[in-house]
Amino acid sequence: MEYKIIERRMIVPNIHELVVEAEDVAKSVQPGQFIILRPDDKGERIPLSVSDYNPELGTVTAFFIEVGESTSLLALLKPGDTIPTFVGPLGLPTDIENFGTVVCVGGCFGIGSIYPIARALKEAGNTVHVLLEARSQYLIYWKERYEELVDSVFTITRDGTMGYPGHISLLPDILKEKNIKPDRFIVNGCTFLLNRTSDVTRASGVKTIVNMNPIMIDGTGMCGVCRLTVDGETKFACVDGPDFDGHLVDWDEFRQRRLTYYDEETAPLRKSGTGTEYHCKLIR
Amino acid sequence: MAEEKKKKSKIKPNRVNMPKQTPEERVRNFDEVALGFTEKLAMEEASRCLQCKKPKCREGCPVEVRIPEFIGLIADGNFKEAAKVMKDKNALPAVCGRVCPQEEQCEKLCIVGVKHEPVSIGRLERFIADWEASQDTLEYPKIAESTEKKVAIVGAGPAGLTVAADLVVKGHDITIFEALHEPGGVLIYGIPEFRLPKAIVKREMDYVQKLGVKVKYDFVVGKTRTIASLLEEYDVIFIGTGAGLPWFLDIPGENLNGVFSANEYLTRVNLMKGYLFPDYNTPIKRPRRVLTFGGGNVAMDCARTALRLGSDESHIVYRRSKKELPARGEEVENAEEEGVIFDFLTNPIKLVGDENGWLKGAECLKMELGEPDASGRRRPVPIEGSEFFMEADAAVCAIGNSPNPLIPRTTPGLKIGRKGNIEIEPETGKTSMERIWAGGDVATGTATVIMAMGAGRVAARSMHEYLSGGEQENDIYVKQ
């Protein structure tokens with residue numbers, strides 16, 4: 001099969017927006033689901049959360065961060081190129097109903113993927129607040145899109161260049177200051193953000209849904225590499241998730257499983273092309 | 001001519017040996033282990049067949065191949081005709097010749113086998129399929145006039161491919177929906193290159209497509225579209241989604257790094273070509289000491305794959321004894337020759353990790369065999385106080401799979417059995433829902449390629465009957 005790239009651009013440093021023509025997926029995808037693609041015929045199957053879709057145009061949008069060999073191939077794609085695999089939607093959609101007040105937390109590629117969730121929550125009648133978290137202001141995108149959509153948008157940056165200075169642990173204080181009493185948190189982004197947000201909301205007892213992003217191959221329940229422990233039980237993120245209750249996830253195990261292929265994934269990037277290995281001090 | 005030979009010569013008691021790569025050689029590559037018969041060897045082996053008037057072997061074949069007939073033609077050197085006879089009943093002979101458990105099926109019933117070694121039916125099947133593929137022109141069966149009936153098949157594995165091949169020749173319009181990016185199901189992601197080269201799967205797939213079967217890849221029925229939505233467009237549906245949910249042992253430590261399901265381990269290597277990493281981008285670990293839990297064909301595949309990936313020691317850890325191994329005899333023999341170490345009557349009870357969450361080894365118990373259980377095999381019973389530790393930096397669970405849950409979970413009205421399987425009428429493959437059939441592992445749980453193909457054949461027959469019946473009704477309707 002061939003799927004046409006409509007757009008591929010670096011929206012903020014190292015985070016790329018990818019728009020692909022995939023009619024069947026565009027017609028059936030729901031907020032919180034993901035797709036799997038391959039950059040070329042020798043490529044890995046890469047799972048990406050869906051950030052937007054247009055059933056009329058038959059397009060699907062996803063964000064990815066360039067971290068290893070496979071995503072570096074994706075980053076080279078140009079509009080008009082084709083990729084051999086684009087399958088989905090996979091996983092269960094995020095639970096959407098009128099919960100009352102929902103705080104959506106997005107970081108990294110999750111700034112994109114929480115967008116259709118926030119939109120659906122609004123449509124269901126919720127009061128929706130969106131928190132975007134990043135190291136610095138230059139890593140925040142789509143803020144204006146959220147401002148048009150939801151009741152309030154606020155940001156936390158590590159260096160204080162936009163919004164609150166610090167990190168996600170400020171969340172309870174910010175909510176207190178703004179007098180927001182959430183009935184639910186929904187978090188999309190890197191493992192660290194999912195884990196830390198679950199930690200800081202635990203005391204409040206407010207349900208915290210995290211959109212998990214483990215290693216996957218087929219994404220249909222067949223291989224079991226995406227397994228994680230939730231409330232003492234083994235679950236497969238691809239068919240039982242990817243959303244889980246962040247207060248019940250075994251985070252230590254999850255983080256450790258994410259690192260299984262760390263060496264293999266980054267080894268090709270350390271090759272200088274001259275036959276000697278180049279060790280980037282940023283990676284190691 | 002075969003008749004004459006039979007009368008003249010006494011039965012040769014022993015089978016003709018099929019050339020193989022030597023163990024020392026093959027353990028260092030992923031190329032096919034068995035090299036196949038030459039024409040001369042095939043004719044020699046075929047001449048051992050008695051051409052029984054009432055052939056028993058055929059009864060053992062789930063897809064009813066006319067065995068003595070094709071073997072007789074091989075003995076006569078009429079390979080072209082032999083291939084035709086084979087293809088008439090079996091659309092995937094090169095696959096079946098390699099992976100069927102013939103010793104439990106056709107060869108088990110072979111009359112020669114009563115006193116001597118049975119005729120190598122599987123190897124002859126493989127020979128004739130490979131011979132045909134080596135010819136410039138392939139023979140295609142005649143396709144009936146179009147019925148304009150649309151058939152959706154879910155899953156391009158052995159069951160679905162059989163249904164497709166059987167129904168397309170009847171003039172129906174066939175579309176297969178496949179979740180992965182390649183066709184073949186377990187033939188492509190599960191069975192390793194050294195046992196079933198992927199070029200052969202592709203060849204058989206090309207044949208099915210040449211017959212007019214359409215395939216949509218990257219399409220997950222139950223997700224991309226539901227069964228209900230397909231029913232609006234297609235007259236009938238066949239579900240052959242296989243047993244795609246791996247079982248783990250349900251012991252502590254199973255989520256440690258370095259513990260794999262057989263599906264993951266084999267998919268990385270076979271479908272994703274991890275053994276060619278980094279030329280192919282999917283990584284695979286190359287551990288030093290690998291334990292594979294289980295005793296079936298899949299377990300043998302994993303243990304032998306580990307050796308080819310360069311491990312120093314590859315163990316099969318099995319809780320019963322050698323006699324109970326469910327794997328094909330030939331695969332066990334191959335594994336032994338290659339240096340796989342068998343730890344029989346051994347059961348892991350706990351997987352132990354290091355401080356970084358990587359597997360260090362397995363705590364095991366010694367077992368002894370007790371009374372036979374429901375399967376008729378003697379039940380393994382733990383020996384008290386026999387705990388011991390097996391060091392390992394990787395472990396593979398090859399203890400079976402549940403049926404894939406995607407369609408059962410998204411198809412209200414479809415009757416699902418206790419084990420998550422789709423319930424069918426065994427004689428027809430009909431499910432509890434109108435216009436929907438199912439077969440293969442999704443209905444029976446983990447079984448063999450040929451059982452899935454047999455189930456496909458049964459369903460195809462019933463589906464065709466339904467489609468032809470419907471046609472008559474339509475005619476009557478038009479006349480009114």
# chains A, B, ... in the order shown; residues from 1 in each chain; ligands from 1
$ interface_residues --of "chain A" --to "chain B" --cutoff "8 Å" --atoms "only C-alpha atoms" --output "ChimeraX atom specification"
/A:1,24-25,28-29,42-45,69-70,84-90,217-218,220-225,227-228,239,253,256-257,260-261,264-265,268
$ write_last_selection --atoms "N, CA and C atoms" --output "CSV table (one decimal), in the first residue's frame"
chain,number,residue,atom,x,y,z
A,1,MET,N,0.9,-1.2,0.0
A,1,MET,CA,0.0,0.0,0.0
A,1,MET,C,0.9,1.2,0.0
A,24,ASP,N,-9.5,5.7,5.1
A,24,ASP,CA,-10.2,4.7,6.0
A,24,ASP,C,-10.0,5.1,7.5
A,25,VAL,N,-8.7,5.5,7.8
A,25,VAL,CA,-8.4,5.9,9.2
A,25,VAL,C,-9.2,7.2,9.5
A,28,SER,N,-12.7,6.8,10.6
A,28,SER,CA,-13.1,6.0,11.8
A,28,SER,C,-12.4,6.3,13.1
A,29,VAL,N,-11.4,7.2,13.0
A,29,VAL,CA,-10.6,7.5,14.2
A,29,VAL,C,-11.4,8.3,15.2
A,42,LYS,N,12.0,-1.1,4.9
A,42,LYS,CA,12.8,-1.7,5.9
A,42,LYS,C,12.5,-1.2,7.3
A,43,GLY,N,11.5,-0.3,7.4
A,43,GLY,CA,11.3,0.4,8.6
A,43,GLY,C,10.6,-0.3,9.7
A,44,GLU,N,10.7,0.2,10.9
A,44,GLU,CA,10.0,-0.3,12.1
A,44,GLU,C,8.6,0.1,12.0
A,45,ARG,N,7.7,-0.6,12.7
A,45,ARG,CA,6.4,-0.1,12.9
A,45,ARG,C,6.3,0.9,14.1
A,69,GLU,N,16.7,6.2,15.1
A,69,GLU,CA,16.9,6.0,13.7
A,69,GLU,C,15.6,6.1,12.9
A,70,SER,N,14.5,5.4,13.4
A,70,SER,CA,13.3,5.3,12.7
A,70,SER,C,12.6,6.7,12.5
A,84,PRO,N,4.8,3.2,3.2
A,84,PRO,CA,4.2,1.9,2.9
A,84,PRO,C,3.1,1.4,3.9
A,85,THR,N,3.1,1.9,5.1
A,85,THR,CA,2.2,1.4,6.1
A,85,THR,C,1.6,2.6,6.9
A,86,PHE,N,0.3,2.6,7.0
A,86,PHE,CA,-0.4,3.6,7.9
A,86,PHE,C,-1.7,2.9,8.3
A,87,VAL,N,-1.7,2.3,9.5
A,87,VAL,CA,-2.8,1.5,9.9
A,87,VAL,C,-3.5,2.0,11.2
A,88,GLY,N,-4.8,2.0,11.2
A,88,GLY,CA,-5.5,2.4,12.4
A,88,GLY,C,-7.0,2.5,12.1
A,89,PRO,N,-7.7,3.1,13.0
A,89,PRO,CA,-7.3,3.6,14.3
A,89,PRO,C,-7.1,2.4,15.3
A,90,LEU,N,-6.1,2.5,16.1
A,90,LEU,CA,-5.8,1.4,17.1
A,90,LEU,C,-6.1,1.8,18.5
A,217,ILE,N,4.6,-3.4,18.3
A,217,ILE,CA,4.9,-3.9,17.0
A,217,ILE,C,3.6,-3.9,16.1
A,218,ASP,N,2.7,-4.9,16.4
A,218,ASP,CA,1.5,-5.0,15.5
A,218,ASP,C,0.4,-4.0,15.9
A,220,THR,N,-2.3,-4.8,17.6
A,220,THR,CA,-3.6,-5.5,17.6
A,220,THR,C,-3.7,-6.6,18.6
A,221,GLY,N,-2.8,-6.6,19.6
A,221,GLY,CA,-2.9,-7.6,20.7
A,221,GLY,C,-2.0,-8.8,20.4
A,222,MET,N,-1.4,-8.9,19.3
A,222,MET,CA,-0.7,-10.1,18.9
A,222,MET,C,0.6,-10.3,19.6
A,223,CYS,N,1.4,-9.3,19.8
A,223,CYS,CA,2.8,-9.5,20.2
A,223,CYS,C,3.0,-9.4,21.7
A,224,GLY,N,2.2,-8.6,22.4
A,224,GLY,CA,2.3,-8.5,23.8
A,224,GLY,C,3.5,-7.6,24.4
A,225,VAL,N,4.3,-7.0,23.5
A,225,VAL,CA,5.4,-6.2,24.0
A,225,VAL,C,4.9,-4.9,24.7
A,227,ARG,N,2.8,-4.7,27.1
A,227,ARG,CA,2.2,-5.0,28.3
A,227,ARG,C,2.7,-4.1,29.5
A,228,LEU,N,1.7,-3.9,30.4
A,228,LEU,CA,2.1,-3.1,31.6
A,228,LEU,C,1.2,-3.6,32.7
A,239,VAL,N,-4.7,-3.1,23.0
A,239,VAL,CA,-6.1,-3.5,22.9
A,239,VAL,C,-6.9,-3.1,24.2
A,253,GLU,N,8.0,-0.2,36.5
A,253,GLU,CA,8.1,-1.2,35.5
A,253,GLU,C,7.9,-0.7,34.1
A,256,GLN,N,11.0,1.2,32.9
A,256,GLN,CA,12.0,0.3,32.6
A,256,GLN,C,11.8,-0.5,31.2
A,257,ARG,N,10.5,-0.8,31.0
A,257,ARG,CA,10.2,-1.5,29.7
A,257,ARG,C,10.4,-0.6,28.5
A,260,THR,N,13.9,-0.9,26.9
A,260,THR,CA,14.4,-2.2,26.4
A,260,THR,C,15.4,-2.0,25.2
A,261,TYR,N,15.0,-1.2,24.2
A,261,TYR,CA,15.8,-1.2,23.0
A,261,TYR,C,16.5,0.2,22.9
A,264,GLU,N,19.9,-0.1,21.0
A,264,GLU,CA,19.7,-0.4,19.5
A,264,GLU,C,19.1,0.8,18.8
A,265,GLU,N,18.2,1.5,19.4
A,265,GLU,CA,17.5,2.6,18.8
A,265,GLU,C,18.4,3.8,18.5
A,268,PRO,N,22.5,3.7,15.7
A,268,PRO,CA,22.8,4.2,14.4
A,268,PRO,C,23.0,5.7,14.3
$ closest_residue --among "B:Met367, B:Met300, B:Ile174, B:Leu41" --to "Pro326 in chain B" --atoms "only C-alpha atoms"
B:Met300
$ residues_around --residues "range 231-233 of chain A" --least-positions-apart "4" --cutoff "9 Å" --atoms "only C-alpha atoms" --output "MDAnalysis selection string"
chainID A and resid 245 247:250
$ write_last_selection --atoms "C-alpha atoms" --output "PDB file, in the first residue's frame"
ATOM      1  CA  ASP A 245      -5.912   5.138  35.388  1.00  0.00           C
ATOM      2  CA  HIS A 247      -2.963   6.131  39.861  1.00  0.00           C
ATOM      3  CA  LEU A 248      -3.007   2.376  39.247  1.00  0.00           C
ATOM      4  CA  VAL A 249      -0.127   2.029  36.750  1.00  0.00           C
ATOM      5  CA  ASP A 250       3.132   0.377  37.882  1.00  0.00           C
TER       6      ASP A 250
END
$ closest_residue --among "B:Met18, B:Cys110, B:Val95, B:Val442" --to "Cys49 in chain B" --atoms "only C-alpha atoms"
B:Cys110
$ residues_around --residues "Val150 in chain A" --least-positions-apart "3" --cutoff "10 Å" --atoms "only C-alpha atoms" --output "PDB file with N, CA and C atoms, in the first residue's frame"
ATOM      1  N   TYR A 115      -5.573  17.476  21.737  1.00  0.00           N
ATOM      2  CA  TYR A 115      -6.493  18.413  21.083  1.00  0.00           C
ATOM      3  C   TYR A 115      -7.849  17.781  20.740  1.00  0.00           C
ATOM      4  N   ALA A 118      -9.816  17.322  23.955  1.00  0.00           N
ATOM      5  CA  ALA A 118     -10.373  18.567  24.503  1.00  0.00           C
ATOM      6  C   ALA A 118     -11.611  18.979  23.698  1.00  0.00           C
ATOM      7  N   ARG A 119     -11.517  18.827  22.382  1.00  0.00           N
ATOM      8  CA  ARG A 119     -12.634  19.207  21.512  1.00  0.00           C
ATOM      9  C   ARG A 119     -13.869  18.351  21.807  1.00  0.00           C
ATOM     10  N   LEU A 121     -14.502  16.728  24.553  1.00  0.00           N
ATOM     11  CA  LEU A 121     -14.987  17.018  25.908  1.00  0.00           C
ATOM     12  C   LEU A 121     -15.844  18.280  25.902  1.00  0.00           C
ATOM     13  N   LYS A 122     -15.421  19.272  25.139  1.00  0.00           N
ATOM     14  CA  LYS A 122     -16.209  20.510  25.020  1.00  0.00           C
ATOM     15  C   LYS A 122     -17.572  20.192  24.419  1.00  0.00           C
ATOM     16  N   ASN A 126     -18.532  19.679  28.796  1.00  0.00           N
ATOM     17  CA  ASN A 126     -17.634  19.892  29.936  1.00  0.00           C
ATOM     18  C   ASN A 126     -17.072  21.313  29.957  1.00  0.00           C
ATOM     19  N   THR A 127     -16.686  21.761  31.125  1.00  0.00           N
ATOM     20  CA  THR A 127     -15.801  22.909  31.244  1.00  0.00           C
ATOM     21  C   THR A 127     -14.387  22.337  31.092  1.00  0.00           C
ATOM     22  N   VAL A 128     -13.627  22.859  30.128  1.00  0.00           N
ATOM     23  CA  VAL A 128     -12.327  22.253  29.836  1.00  0.00           C
ATOM     24  C   VAL A 128     -11.201  23.272  30.011  1.00  0.00           C
ATOM     25  N   HIS A 129     -10.208  22.906  30.830  1.00  0.00           N
ATOM     26  CA  HIS A 129      -8.995  23.718  30.986  1.00  0.00           C
ATOM     27  C   HIS A 129      -7.837  22.922  30.410  1.00  0.00           C
ATOM     28  N   VAL A 130      -6.979  23.619  29.688  1.00  0.00           N
ATOM     29  CA  VAL A 130      -5.854  22.924  29.075  1.00  0.00           C
ATOM     30  C   VAL A 130      -4.541  23.459  29.639  1.00  0.00           C
ATOM     31  N   ARG A 145      -4.874  27.581  19.009  1.00  0.00           N
ATOM     32  CA  ARG A 145      -5.960  26.657  18.668  1.00  0.00           C
ATOM     33  C   ARG A 145      -6.757  26.289  19.924  1.00  0.00           C
ATOM     34  N   TYR A 146      -6.034  26.102  21.018  1.00  0.00           N
ATOM     35  CA  TYR A 146      -6.706  25.747  22.272  1.00  0.00           C
ATOM     36  C   TYR A 146      -7.490  26.933  22.815  1.00  0.00           C
ATOM     37  N   GLU A 147      -6.907  28.124  22.679  1.00  0.00           N
ATOM     38  CA  GLU A 147      -7.586  29.312  23.222  1.00  0.00           C
ATOM     39  C   GLU A 147      -8.945  29.525  22.554  1.00  0.00           C
ATOM     40  N   VAL A 153      -6.591  28.309  28.988  1.00  0.00           N
ATOM     41  CA  VAL A 153      -5.349  27.631  28.632  1.00  0.00           C
ATOM     42  C   VAL A 153      -4.253  28.205  29.494  1.00  0.00           C
TER      43      VAL A 153
END
